[in-house]
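Novice: Next comes the structure file structure.txt, holding compact mmCIF, C-alpha atoms.
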```txt
# COMPACT_ATOMS: atom_id res chain seq x y z
CA MET A 1 17.96 18.04 35.21
CA ALA A 2 15.26 19.87 37.02
CA ARG A 3 12.31 20.03 34.67
CA ARG A 4 10.34 23.14 35.33
CA ALA A 5 6.67 22.29 35.25
CA THR A 6 4.45 24.98 33.77
CA PRO A 7 2.23 26.21 36.57
CA GLU A 8 -1.39 25.19 36.15
CA VAL A 9 -3.92 27.93 35.59
CA ASN A 10 -6.07 28.24 38.62
CA ALA A 11 -9.60 27.47 37.55
CA GLY A 12 -11.05 27.68 40.99
CA SER A 13 -12.93 30.89 40.32
CA MET A 14 -14.45 29.58 37.10
CA ALA A 15 -17.37 28.15 39.08
CA ASP A 16 -17.98 31.53 40.70
CA ILE A 17 -18.11 33.27 37.35
CA ALA A 18 -20.49 30.68 35.98
CA PHE A 19 -22.70 30.95 39.05
CA LEU A 20 -22.84 34.68 38.61
CA LEU A 21 -24.03 34.29 35.03
CA LEU A 22 -26.49 31.60 36.06
CA ILE A 23 -28.05 33.80 38.73
CA PHE A 24 -28.25 36.70 36.31
CA PHE A 25 -30.24 34.60 33.84
CA LEU A 26 -32.43 33.14 36.56
CA VAL A 27 -33.42 36.60 37.71
CA THR A 28 -33.94 38.33 34.39
CA THR A 29 -35.93 35.64 32.63
CA THR A 30 -39.40 34.18 32.82
CA ILE A 31 -40.48 30.86 31.47
CA GLU A 32 -43.00 31.31 28.72
CA LYS A 33 -46.36 30.01 29.86
CA ASP A 34 -49.01 32.35 28.51
CA LYS A 35 -52.29 30.72 27.64
CA GLY A 36 -55.75 32.10 27.44
CA ILE A 37 -59.26 32.18 26.08
CA ALA A 38 -59.21 33.42 22.49
CA ARG A 39 -62.09 35.49 21.23
CA GLN A 40 -63.02 37.34 18.07
CA LEU A 41 -64.50 40.78 18.50
CA PRO A 42 -67.41 41.82 16.28
CA PRO A 43 -66.80 44.56 13.70
CA ILE A 44 -67.96 47.97 14.78
CA GLU A 45 -70.29 48.90 11.93
CA GLU A 46 -73.97 48.74 12.54
CA ILE A 47 -75.72 45.93 10.76
CA GLU A 48 -78.82 47.07 8.96
CA ASN A 49 -81.86 44.99 9.64
CA PRO A 50 -80.30 42.79 12.30
CA PRO A 51 -81.69 39.29 12.16
CA ILE A 52 -84.46 38.77 14.63
CA ILE A 53 -83.65 36.09 17.13
CA LYS A 54 -86.54 34.27 18.65
CA GLN A 55 -86.78 34.44 22.39
CA LYS A 56 -86.48 30.69 22.70
CA ASN A 57 -83.19 30.70 20.79
CA LEU A 58 -81.65 33.19 23.15
CA PHE A 59 -79.92 32.18 26.35
CA ILE A 60 -79.37 35.23 28.49
CA VAL A 61 -76.64 35.20 31.10
CA ASN A 62 -76.65 38.25 33.27
CA VAL A 63 -73.91 39.07 35.76
CA ASN A 64 -74.57 41.87 38.18
CA ARG A 65 -72.19 44.15 40.05
CA ASP A 66 -72.04 41.78 43.01
CA ASP A 67 -70.92 38.93 40.75
CA GLN A 68 -74.25 37.12 40.98
CA LEU A 69 -75.39 35.11 38.04
CA LEU A 70 -78.85 35.42 36.56
CA VAL A 71 -79.54 32.87 33.85
CA GLU A 72 -82.84 33.11 31.99
CA ASP A 73 -84.24 35.13 34.90
CA ASP A 74 -83.23 32.55 37.50
CA LEU A 75 -80.44 32.89 40.01
CA MET A 76 -77.81 30.23 39.34
CA ASP A 77 -74.52 29.04 40.78
CA LEU A 78 -71.48 29.18 38.56
CA LYS A 79 -71.00 25.44 38.80
CA ASP A 80 -74.40 24.78 37.19
CA LEU A 81 -73.83 27.15 34.29
CA ARG A 82 -71.92 24.71 32.10
CA GLN A 83 -74.64 22.05 32.19
CA ALA A 84 -77.35 24.64 31.64
CA ALA A 85 -75.55 25.94 28.58
CA ILE A 86 -75.03 22.44 27.23
CA ASP A 87 -78.73 21.66 27.71
CA PHE A 88 -79.66 24.84 25.89
CA ILE A 89 -77.35 24.43 22.86
CA ASP A 90 -78.03 20.73 22.52
CA ASN A 91 -81.80 21.01 22.95
CA GLY A 92 -82.77 20.57 19.30
CA GLY A 93 -86.34 21.77 19.73
CA ALA A 94 -87.23 22.03 16.03
CA PRO A 95 -89.71 19.30 15.14
CA ALA A 96 -88.56 16.36 13.00
CA GLY A 97 -89.10 17.03 9.30
CA SER A 98 -88.66 20.79 9.47
CA PRO A 99 -85.52 22.23 7.78
CA GLU A 100 -84.21 23.30 11.15
CA HIS A 101 -84.38 19.83 12.60
CA CYS A 102 -81.18 18.81 14.35
CA ASN A 103 -80.55 15.10 13.94
CA TYR A 104 -77.42 14.92 16.08
CA CYS A 105 -78.80 16.72 19.12
CA LYS A 106 -79.23 14.60 22.19
CA GLY A 107 -81.11 17.14 24.28
CA LYS A 108 -84.61 17.04 25.68
CA ARG A 109 -86.15 18.67 22.56
CA LEU A 110 -88.20 21.10 24.58
CA PRO A 111 -90.31 23.33 22.36
CA ASP A 112 -89.48 26.44 24.40
CA SER A 113 -85.69 26.06 24.17
CA SER A 114 -83.31 26.39 21.21
CA ASP A 115 -84.18 24.97 17.76
CA ASN A 116 -80.69 23.74 16.92
CA PRO A 117 -77.07 24.62 17.78
CA ASP A 118 -76.81 26.89 14.75
CA LYS A 119 -79.74 29.01 15.92
CA ALA A 120 -78.83 29.02 19.58
CA VAL A 121 -77.22 32.25 20.75
CA ILE A 122 -75.81 32.82 24.20
CA SER A 123 -75.89 36.42 25.25
CA VAL A 124 -73.75 37.60 28.15
CA GLN A 125 -74.60 40.85 29.83
CA ASN A 126 -72.23 42.39 32.31
CA ASP A 127 -72.40 45.28 34.62
CA ARG A 128 -69.44 47.65 34.42
CA LYS A 129 -68.68 46.84 38.04
CA THR A 130 -68.59 43.07 37.53
CA SER A 131 -65.20 41.75 38.54
CA TYR A 132 -62.95 40.53 35.77
CA LYS A 133 -62.51 37.28 37.68
CA MET A 134 -66.20 36.51 37.41
CA TYR A 135 -66.29 37.59 33.79
CA ILE A 136 -63.52 35.14 32.86
CA ALA A 137 -65.14 32.39 34.93
CA VAL A 138 -68.40 32.80 32.99
CA GLN A 139 -66.61 32.90 29.63
CA ASN A 140 -64.63 29.84 30.61
CA GLU A 141 -67.74 27.86 31.51
CA LEU A 142 -69.50 28.80 28.27
CA VAL A 143 -66.51 27.87 26.13
CA ALA A 144 -66.34 24.63 28.13
CA ALA A 145 -69.95 23.89 27.19
CA TYR A 146 -69.17 24.36 23.50
CA ASN A 147 -66.00 22.30 23.77
CA PHE A 148 -67.93 19.49 25.46
CA LEU A 149 -70.40 19.31 22.58
CA ARG A 150 -67.70 19.63 19.92
CA ASN A 151 -65.77 16.81 21.53
CA ARG A 152 -68.87 14.68 21.62
CA GLU A 153 -69.60 15.24 17.94
CA SER A 154 -66.02 14.66 16.81
CA GLN A 155 -65.91 11.47 18.89
CA ARG A 156 -69.07 10.31 17.18
CA LEU A 157 -67.95 11.20 13.64
CA TYR A 158 -64.19 10.70 13.69
CA GLY A 159 -63.31 9.01 16.96
CA TRP A 160 -61.10 11.72 18.42
CA ASP A 161 -61.50 14.77 20.64
CA PHE A 162 -61.93 18.16 18.99
CA THR A 163 -59.87 19.98 21.60
CA VAL A 164 -57.01 17.47 21.49
CA MET A 165 -56.66 17.69 17.72
CA LYS A 166 -56.98 21.46 17.68
CA LYS A 167 -54.20 21.69 20.23
CA GLY A 168 -52.10 19.33 18.14
CA ILE A 169 -52.48 21.56 15.09
CA ASP A 170 -51.83 24.74 17.04
CA ASP A 171 -48.69 23.30 18.60
CA GLY A 172 -47.44 22.09 15.23
CA ASP A 173 -47.36 18.44 16.31
CA ILE A 174 -49.53 17.45 13.34
CA THR A 175 -48.18 18.47 9.96
CA GLY A 176 -48.49 17.78 6.25
CA SER A 177 -51.49 16.28 4.55
CA ARG A 178 -52.77 14.86 7.83
CA ALA A 179 -53.04 18.38 9.21
CA ASP A 180 -55.05 19.53 6.19
CA ASP A 181 -57.38 16.58 6.57
CA ILE A 182 -57.91 17.23 10.25
CA GLU A 183 -58.28 20.96 9.68
CA GLU A 184 -61.17 20.24 7.36
CA LYS A 185 -62.81 17.95 9.89
CA LEU A 186 -62.36 20.55 12.62
CA GLN A 187 -64.16 23.08 10.48
CA ASN A 188 -66.89 20.55 9.90
CA ILE A 189 -67.41 20.23 13.63
CA GLN A 190 -67.33 23.99 14.04
CA LYS A 191 -70.11 24.18 11.50
CA LEU A 192 -72.18 21.65 13.44
CA ILE A 193 -71.66 23.43 16.77
CA PRO A 194 -70.83 27.06 15.97
CA LEU A 195 -69.67 29.22 18.83
CA LYS A 196 -72.31 31.89 19.11
CA LEU A 197 -71.52 34.03 22.08
CA SER A 198 -72.75 37.56 21.98
CA GLU A 199 -71.80 40.28 24.37
CA ALA A 200 -74.11 43.14 25.01
CA GLU A 201 -72.68 46.54 25.76
CA PRO A 202 -72.50 46.58 29.52
CA LYS A 203 -75.06 48.60 31.29
CA LYS A 204 -74.09 51.58 33.32
CA SER A 205 -73.76 50.53 36.89
CA GLY A 206 -76.91 51.27 38.80
CA SER A 207 -75.68 53.18 41.80
CA MET B 1 15.13 1.37 57.89
CA SER B 2 11.98 0.09 56.50
CA LYS B 3 11.78 -0.07 52.77
CA PHE B 4 8.23 1.06 52.74
CA LYS B 5 7.44 4.53 53.79
CA LYS B 6 4.96 4.80 56.47
CA LYS B 7 1.67 5.99 55.07
CA LYS B 8 0.88 9.52 55.92
CA GLY B 9 -1.58 9.89 58.71
CA GLY B 10 -5.18 9.23 57.74
CA GLU B 11 -5.71 12.55 55.93
CA ILE B 12 -8.74 12.65 53.65
CA PRO B 13 -7.81 13.88 50.17
CA ALA B 14 -9.55 17.09 49.11
CA VAL B 15 -12.64 16.64 46.99
CA ASN B 16 -11.91 17.38 43.37
CA THR B 17 -14.02 20.32 42.30
CA ALA B 18 -12.65 20.61 38.80
CA SER B 19 -15.93 19.48 37.24
CA LEU B 20 -18.02 21.96 39.19
CA PRO B 21 -17.73 24.65 36.49
CA ASP B 22 -18.93 22.16 33.90
CA ILE B 23 -22.00 21.35 35.94
CA VAL B 24 -22.77 24.99 36.50
CA PHE B 25 -22.29 25.81 32.84
CA MET B 26 -24.69 23.04 31.96
CA LEU B 27 -27.32 24.61 34.22
CA LEU B 28 -26.54 28.01 32.78
CA PHE B 29 -27.06 26.86 29.22
CA PHE B 30 -30.30 25.13 30.20
CA PHE B 31 -31.72 28.33 31.61
CA MET B 32 -30.45 30.41 28.71
CA VAL B 33 -32.22 28.14 26.26
CA VAL B 34 -35.58 27.69 27.99
CA THR B 35 -36.14 31.27 29.05
CA VAL B 36 -36.86 34.52 27.33
CA LEU B 37 -35.94 37.97 28.53
CA ARG B 38 -38.66 39.71 30.46
CA GLU B 39 -39.92 42.39 28.16
CA ASP B 40 -42.09 44.69 30.18
CA ASN B 41 -41.59 46.03 33.63
CA LEU B 42 -44.92 45.57 35.35
CA LEU B 43 -46.48 48.64 36.90
CA VAL B 44 -49.82 47.06 37.70
CA GLN B 45 -50.87 44.19 39.90
CA GLN B 46 -51.23 40.96 37.99
CA LYS B 47 -53.20 38.24 39.66
CA ILE B 48 -54.44 36.46 36.58
CA PRO B 49 -57.83 34.71 36.83
CA LYS B 50 -58.00 30.98 36.32
CA GLY B 51 -59.36 29.19 33.30
CA ASP B 52 -58.97 25.78 31.71
CA GLN B 53 -60.54 26.10 28.26
CA VAL B 54 -57.40 27.68 26.89
CA GLU B 55 -55.46 28.05 23.71
CA LYS B 56 -51.80 28.75 23.38
CA LEU B 57 -50.66 32.28 22.75
CA LYS B 58 -48.70 32.80 19.56
CA LYS B 59 -46.07 35.13 20.84
CA ASP B 60 -44.69 36.26 17.49
CA ARG B 61 -47.95 37.94 16.56
CA SER B 62 -49.21 39.29 19.84
CA VAL B 63 -49.10 42.61 21.55
CA PHE B 64 -49.66 42.84 25.29
CA VAL B 65 -52.02 45.08 27.15
CA TYR B 66 -51.86 44.98 30.94
CA ALA B 67 -54.51 46.30 33.24
CA GLY B 68 -55.13 46.32 36.95
CA LYS B 69 -54.57 48.30 40.08
CA PRO B 70 -51.17 50.01 40.29
CA SER B 71 -48.60 47.92 42.14
CA PRO B 72 -48.27 48.69 45.86
CA ARG B 73 -45.16 50.81 45.43
CA TYR B 74 -46.89 53.04 42.89
CA GLN B 75 -50.17 53.35 44.74
CA ASP B 76 -49.18 56.52 46.59
CA LYS B 77 -48.61 58.26 43.32
CA TYR B 78 -51.27 56.82 41.07
CA GLY B 79 -54.06 55.76 43.44
CA LYS B 80 -55.90 52.46 43.49
CA GLU B 81 -58.11 52.79 40.45
CA GLY B 82 -57.60 50.26 37.66
CA LYS B 83 -55.08 51.43 35.08
CA ILE B 84 -53.90 50.27 31.69
CA GLN B 85 -50.27 49.61 30.95
CA ILE B 86 -48.74 49.22 27.53
CA GLY B 87 -45.02 48.73 27.13
CA ASP B 88 -43.32 50.23 30.13
CA LYS B 89 -45.73 52.97 31.05
CA TYR B 90 -49.28 53.71 32.08
CA THR B 91 -51.51 54.54 29.17
CA ASP B 92 -54.71 56.45 29.20
CA ILE B 93 -57.67 54.97 27.34
CA THR B 94 -57.46 57.80 24.78
CA GLN B 95 -53.78 57.01 24.15
CA LEU B 96 -54.52 53.35 23.59
CA SER B 97 -54.79 53.40 19.83
CA PRO B 98 -51.50 55.21 19.04
CA ALA B 99 -49.67 52.99 21.54
CA LEU B 100 -51.12 49.83 20.02
CA THR B 101 -50.48 50.97 16.47
CA GLU B 102 -46.87 51.57 17.39
CA LEU B 103 -46.57 48.13 18.97
CA ARG B 104 -48.12 46.52 15.94
CA SER B 105 -45.62 48.18 13.61
CA LYS B 106 -42.83 46.44 15.52
CA LEU B 107 -44.13 43.00 14.56
CA ARG B 108 -42.90 41.18 11.50
CA PRO B 109 -44.64 42.69 8.43
CA GLU B 110 -46.29 39.48 7.31
CA LEU B 111 -47.81 38.97 10.74
CA GLN B 112 -49.13 42.49 11.25
CA SER B 113 -52.49 41.69 9.75
CA LYS B 114 -52.83 38.66 12.02
CA VAL B 115 -52.08 40.63 15.14
CA MET B 116 -53.55 39.29 18.36
CA VAL B 117 -54.04 41.39 21.43
CA ALA B 118 -53.25 39.59 24.66
CA LEU B 119 -55.14 41.07 27.58
CA LYS B 120 -53.41 40.46 30.88
CA VAL B 121 -55.86 41.77 33.38
CA ASP B 122 -55.88 41.51 37.14
CA GLU B 123 -58.85 39.60 38.51
CA ASP B 124 -60.05 42.46 40.72
CA THR B 125 -60.44 44.86 37.83
CA ASN B 126 -63.89 46.07 36.82
CA THR B 127 -65.16 44.62 33.59
CA GLY B 128 -65.97 48.15 32.45
CA LEU B 129 -62.29 48.91 31.94
CA VAL B 130 -61.89 45.81 29.80
CA THR B 131 -64.96 46.78 27.80
CA ASP B 132 -63.44 50.18 27.09
CA ILE B 133 -60.27 48.50 25.84
CA LYS B 134 -62.29 46.17 23.65
CA GLN B 135 -64.23 49.07 22.19
CA GLU B 136 -60.95 50.78 21.26
CA LEU B 137 -59.70 47.56 19.69
CA ARG B 138 -62.80 47.29 17.57
CA GLU B 139 -62.23 50.79 16.28
CA LEU B 140 -58.63 49.86 15.50
CA GLN B 141 -59.90 46.75 13.71
CA MET B 142 -57.86 44.46 15.90
CA TYR B 143 -60.54 41.89 16.34
CA LYS B 144 -58.51 38.99 17.64
CA ILE B 145 -58.06 39.05 21.36
CA ILE B 146 -57.01 36.54 23.95
CA TYR B 147 -57.75 36.79 27.64
CA ILE B 148 -54.67 35.45 29.37
CA THR B 149 -55.57 33.04 32.17
CA SER B 150 -53.57 31.00 34.61
CA PRO B 151 -54.06 27.24 34.77
CA GLY B 152 -56.81 25.98 37.04
CA ASN B 153 -60.53 26.28 37.43
CA GLN B 154 -62.40 28.79 39.51
CA ILE B 155 -65.13 26.41 40.55
CA GLU B 156 -62.85 23.86 42.14
CA ASN B 157 -61.50 26.15 44.80
```
If you convert what's in this file into structure tokens, what do you get?

Specialist:
Amino acid sequence: MARRATPEVNAGSMADIAFLLLIFFLVTTTIEKDKGIARQLPPIEEIENPPIIKQKNLFIVNVNRDDQLLVEDDLMDLKDLRQAAIDFIDNGGAPAGSPEHCNYCKGKRLPDSSDNPDKAVISVQNDRKTSYKMYIAVQNELVAAYNFLRNRESQRLYGWDFTVMKKGIDDGDITGSRADDIEEKLQNIQKLIPLKLSEAEPKKSGS
Amino acid sequence: MSKFKKKKGGEIPAVNTASLPDIVFMLLFFFMVVTVLREDNLLVQQKIPKGDQVEKLKKDRSVFVYAGKPSPRYQDKYGKEGKIQIGDKYTDITQLSPALTELRSKLRPELQSKVMVALKVDEDTNTGLVTDIKQELRELQMYKIIYITSPGNQIEN
């Protein structure tokens, strides 16, 4: 008569085992979050007859060993650098009618600043003792200036932001024929506002 | 006498914990899926500078180069000068190119030509060290680099 019930397996320690595993994974893993400023290094070979860049097409940013910023021979705060760079790239100083004339520039068209965005070159000079923090801050501001202008142009031509669409393509959110179409337009914008950042070999630190 | 048994004294029944393992397993699977194993054991300080004009790092085609002061527990042995770390050990600037070539050969073959060097550099490092690394990279013809930054902007704070 007495029905012997099979004893239940005690699952009380299951939670402990799972917690142990959970803590192990929590400790040994990191959530992927790496982002950064991408840059292309110039090839090492010497270019024969380097193109001569006119003084007015050159925007010199100098950072000294105490992390002070010297822009076109004037001391400048980091927060003003972005606007200064935008003003320089967007100046469009070449007179109307000349082949260099920039018809989409909205700058002040000063004759002693850059002819057009294609001619404008930003040159960054560092001291070897400049802190990496300052170096990245300067690079960030200069890229921001280019991104601002690229966004403005893509808004004008296509009605969307350059950076937003580029991120969409990089993340793989935009695919198929639409991606090809946008890729082409992105390159168009890059041609209008090419990123011309040059880095001089840093000077030996003056002791 | 009474037909109905008197209810047992107001004892609270034990909370049923049978579903606790399920909940914990759910958490466990979540973390297993969203995380990747930490690859390198850091020997240098890594306080990454801030930047907001960023692009995403394509992890399948990147090799990492770390630089910065040695971590506090290694400072007695290695001093406080900025050092380069590749993989799990300190690397001298002259050893940079063999170390990077080896790392590159571990990538998938079709991606080796598109290799990207991710520079994870502490913000207190001298730019000179980074320049030396970049010079080596140019000689190795690894032209694509990415300066890893943390989210934020240096002007705002």

Novice: With distances taken over all atoms listed in the file, which of A:Gln40, A:Asn147, A:Gln139, A:Ser123 is nearest to B:Ile146?

Specialist: A:Gln40

Novice: Have a look at A:Met134, A:Leu142, A:Gln125, A:Leu157 and name the one nearest to B:Asp122; count all atoms listed in the file.

Specialist: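 Of A:Met134, A:Leu142, A:Gln125, A:Leu157, the one nearest B:Asp122, counting all atoms listed in the file, is A:Met134.
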
Novice: Would you list which chain B residues are within 7 Å of chain A using only C-alpha atoms, as a VMD selection string?

Specialist: chain B and resid 20 to 21 24 to 25 28 31 to 32 34 to 38 49 51 53 to 57 123 to 128 138 to 139 143 to 149 154 to 155

Novice: Rank B:Val63, B:Ile84, B:Ala118, B:Leu140 by their smallest atom-to-atom distance to B:Pro98, using all atoms listed in the file, and report the top residue only.

Specialist: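 Looking only at the distances to B:Pro98, the closest residue turns out to be B:Leu140.
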
Novice: Could you pull the residues within 12 Å of B:Ile86, counting all atoms listed in the file, minus those fewer than 6 positions along the same chain, as a compact mmCIF listing (two decimals) with C-alpha atoms, keeping the file's coordinate frame?

Specialist:
```txt
# COMPACT_ATOMS: atom_id res chain seq x y z
CA GLU B 39 -39.92 42.39 28.16
CA ASP B 40 -42.09 44.69 30.18
CA ASN B 41 -41.59 46.03 33.63
CA LEU B 42 -44.92 45.57 35.35
CA LEU B 43 -46.48 48.64 36.90
CA VAL B 44 -49.82 47.06 37.70
CA VAL B 63 -49.10 42.61 21.55
CA PHE B 64 -49.66 42.84 25.29
CA VAL B 65 -52.02 45.08 27.15
CA TYR B 66 -51.86 44.98 30.94
CA ALA B 67 -54.51 46.30 33.24
CA GLY B 68 -55.13 46.32 36.95
CA ASP B 92 -54.71 56.45 29.20
CA ILE B 93 -57.67 54.97 27.34
CA GLN B 95 -53.78 57.01 24.15
CA LEU B 96 -54.52 53.35 23.59
CA SER B 97 -54.79 53.40 19.83
CA PRO B 98 -51.50 55.21 19.04
CA ALA B 99 -49.67 52.99 21.54
CA LEU B 100 -51.12 49.83 20.02
CA THR B 101 -50.48 50.97 16.47
CA GLU B 102 -46.87 51.57 17.39
CA LEU B 103 -46.57 48.13 18.97
CA ARG B 104 -48.12 46.52 15.94
CA VAL B 117 -54.04 41.39 21.43
CA ALA B 118 -53.25 39.59 24.66
CA LEU B 119 -55.14 41.07 27.58
CA LYS B 120 -53.41 40.46 30.88
CA VAL B 121 -55.86 41.77 33.38
CA ILE B 133 -60.27 48.50 25.84
```

Novice: Please return, as a list in words, all polymer residues that have at least one atom within 9 Å of the point (-53.0, 53.3, 38.8); use only C-alpha atoms and the file's own coordinate frame.

Specialist: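 Those within range, by chain then number, are Leu43, Val44, Gly68, Lys69, Pro70, Ser71, Tyr74, Gln75, Lys77, Tyr78, Gly79, Lys80, Glu81, Gly82, Lys83, Ile84 and Tyr90 of chain B.
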
Novice: Include C-alpha atoms and write out the residues we just selected as a PDB file, in the frame of the given file.

Specialist:
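The file below, selection_19.pdb, is the result:
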```pdb
ATOM      1  CA  LEU B  43     -46.480  48.640  36.900  1.00  0.00           C
ATOM      2  CA  VAL B  44     -49.820  47.060  37.700  1.00  0.00           C
ATOM      3  CA  GLY B  68     -55.130  46.320  36.950  1.00  0.00           C
ATOM      4  CA  LYS B  69     -54.570  48.300  40.080  1.00  0.00           C
ATOM      5  CA  PRO B  70     -51.170  50.010  40.290  1.00  0.00           C
ATOM      6  CA  SER B  71     -48.600  47.920  42.140  1.00  0.00           C
ATOM      7  CA  TYR B  74     -46.890  53.040  42.890  1.00  0.00           C
ATOM      8  CA  GLN B  75     -50.170  53.350  44.740  1.00  0.00           C
ATOM      9  CA  LYS B  77     -48.610  58.260  43.320  1.00  0.00           C
ATOM     10  CA  TYR B  78     -51.270  56.820  41.070  1.00  0.00           C
ATOM     11  CA  GLY B  79     -54.060  55.760  43.440  1.00  0.00           C
ATOM     12  CA  LYS B  80     -55.900  52.460  43.490  1.00  0.00           C
ATOM     13  CA  GLU B  81     -58.110  52.790  40.450  1.00  0.00           C
ATOM     14  CA  GLY B  82     -57.600  50.260  37.660  1.00  0.00           C
ATOM     15  CA  LYS B  83     -55.080  51.430  35.080  1.00  0.00           C
ATOM     16  CA  ILE B  84     -53.900  50.270  31.690  1.00  0.00           C
ATOM     17  CA  TYR B  90     -49.280  53.710  32.080  1.00  0.00           C
TER      18      TYR B  90
END
```

Novice: Atom CA of A:Lys119 and atom CA of A:Leu149 are how many Å apart?

Specialist: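 Computed distance, atom CA of A:Lys119 to atom CA of A:Leu149, equals 15.0 Å.
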
Novice: Find the distance between atom CA of B:Ala18 and atom CA of A:Thr6 and write it in Å to one decimal.

Specialist: 18.4 Å

Novice: Atom CA of A:Ile122 and atom CA of A:Val61, how far apart in Å?

Specialist: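 Atom CA of A:Val61 sits 7.3 Å away from atom CA of A:Ile122.
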
Novice: At a cut-off of 6 Å, using all atoms listed in the file, what residues contact stretch 101-116 of chain A? Leave out same-chain residues fewer than 5 positions from it and give the result as a list in words.

Specialist: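 The residues satisfying every condition are Lys56, Asn57, Asp90, Asn91, Gly92, Gly93, Ala94, Pro95 and Ala96 of chain A.
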
Novice: Would you save stretch 94-108 of chain B to a file, keeping N, CA and C atoms, as a short mmCIF file (atom, residue, chain, number, x, y, z; two decimals), in the first residue's frame?

Specialist:
```cif
data_model
loop_
_atom_site.label_atom_id
_atom_site.label_comp_id
_atom_site.auth_asym_id
_atom_site.auth_seq_id
_atom_site.Cartn_x
_atom_site.Cartn_y
_atom_site.Cartn_z
N THR B 94 62.79 49.15 -30.64
CA THR B 94 63.47 48.41 -31.71
C THR B 94 62.81 47.06 -31.96
N GLN B 95 62.10 46.54 -30.93
CA GLN B 95 61.44 45.24 -31.09
C GLN B 95 60.02 45.38 -31.62
N LEU B 96 59.64 46.62 -31.91
CA LEU B 96 58.26 46.89 -32.29
C LEU B 96 57.88 46.17 -33.57
N SER B 97 58.76 46.24 -34.57
CA SER B 97 58.34 45.71 -35.87
C SER B 97 58.21 44.18 -35.88
N PRO B 98 59.14 43.40 -35.27
CA PRO B 98 58.87 41.96 -35.23
C PRO B 98 57.60 41.62 -34.46
N ALA B 99 57.37 42.33 -33.34
CA ALA B 99 56.18 42.04 -32.53
C ALA B 99 54.91 42.30 -33.31
N LEU B 100 54.90 43.43 -34.05
CA LEU B 100 53.71 43.77 -34.81
C LEU B 100 53.51 42.84 -36.00
N THR B 101 54.61 42.45 -36.63
CA THR B 101 54.49 41.52 -37.75
C THR B 101 53.90 40.20 -37.28
N GLU B 102 54.33 39.78 -36.08
CA GLU B 102 53.80 38.53 -35.55
C GLU B 102 52.31 38.67 -35.27
N LEU B 103 51.92 39.80 -34.68
CA LEU B 103 50.51 40.00 -34.37
C LEU B 103 49.68 40.02 -35.65
N ARG B 104 50.24 40.65 -36.67
CA ARG B 104 49.49 40.76 -37.92
C ARG B 104 49.26 39.38 -38.53
N SER B 105 50.27 38.50 -38.39
CA SER B 105 50.13 37.17 -39.01
C SER B 105 49.06 36.35 -38.32
N LYS B 106 48.61 36.80 -37.14
CA LYS B 106 47.56 36.04 -36.45
C LYS B 106 46.16 36.44 -36.93
N LEU B 107 46.09 37.52 -37.70
CA LEU B 107 44.78 37.94 -38.20
C LEU B 107 44.34 37.02 -39.34
N ARG B 108 43.08 37.14 -39.68
CA ARG B 108 42.59 36.34 -40.82
C ARG B 108 43.32 36.80 -42.08
#
```
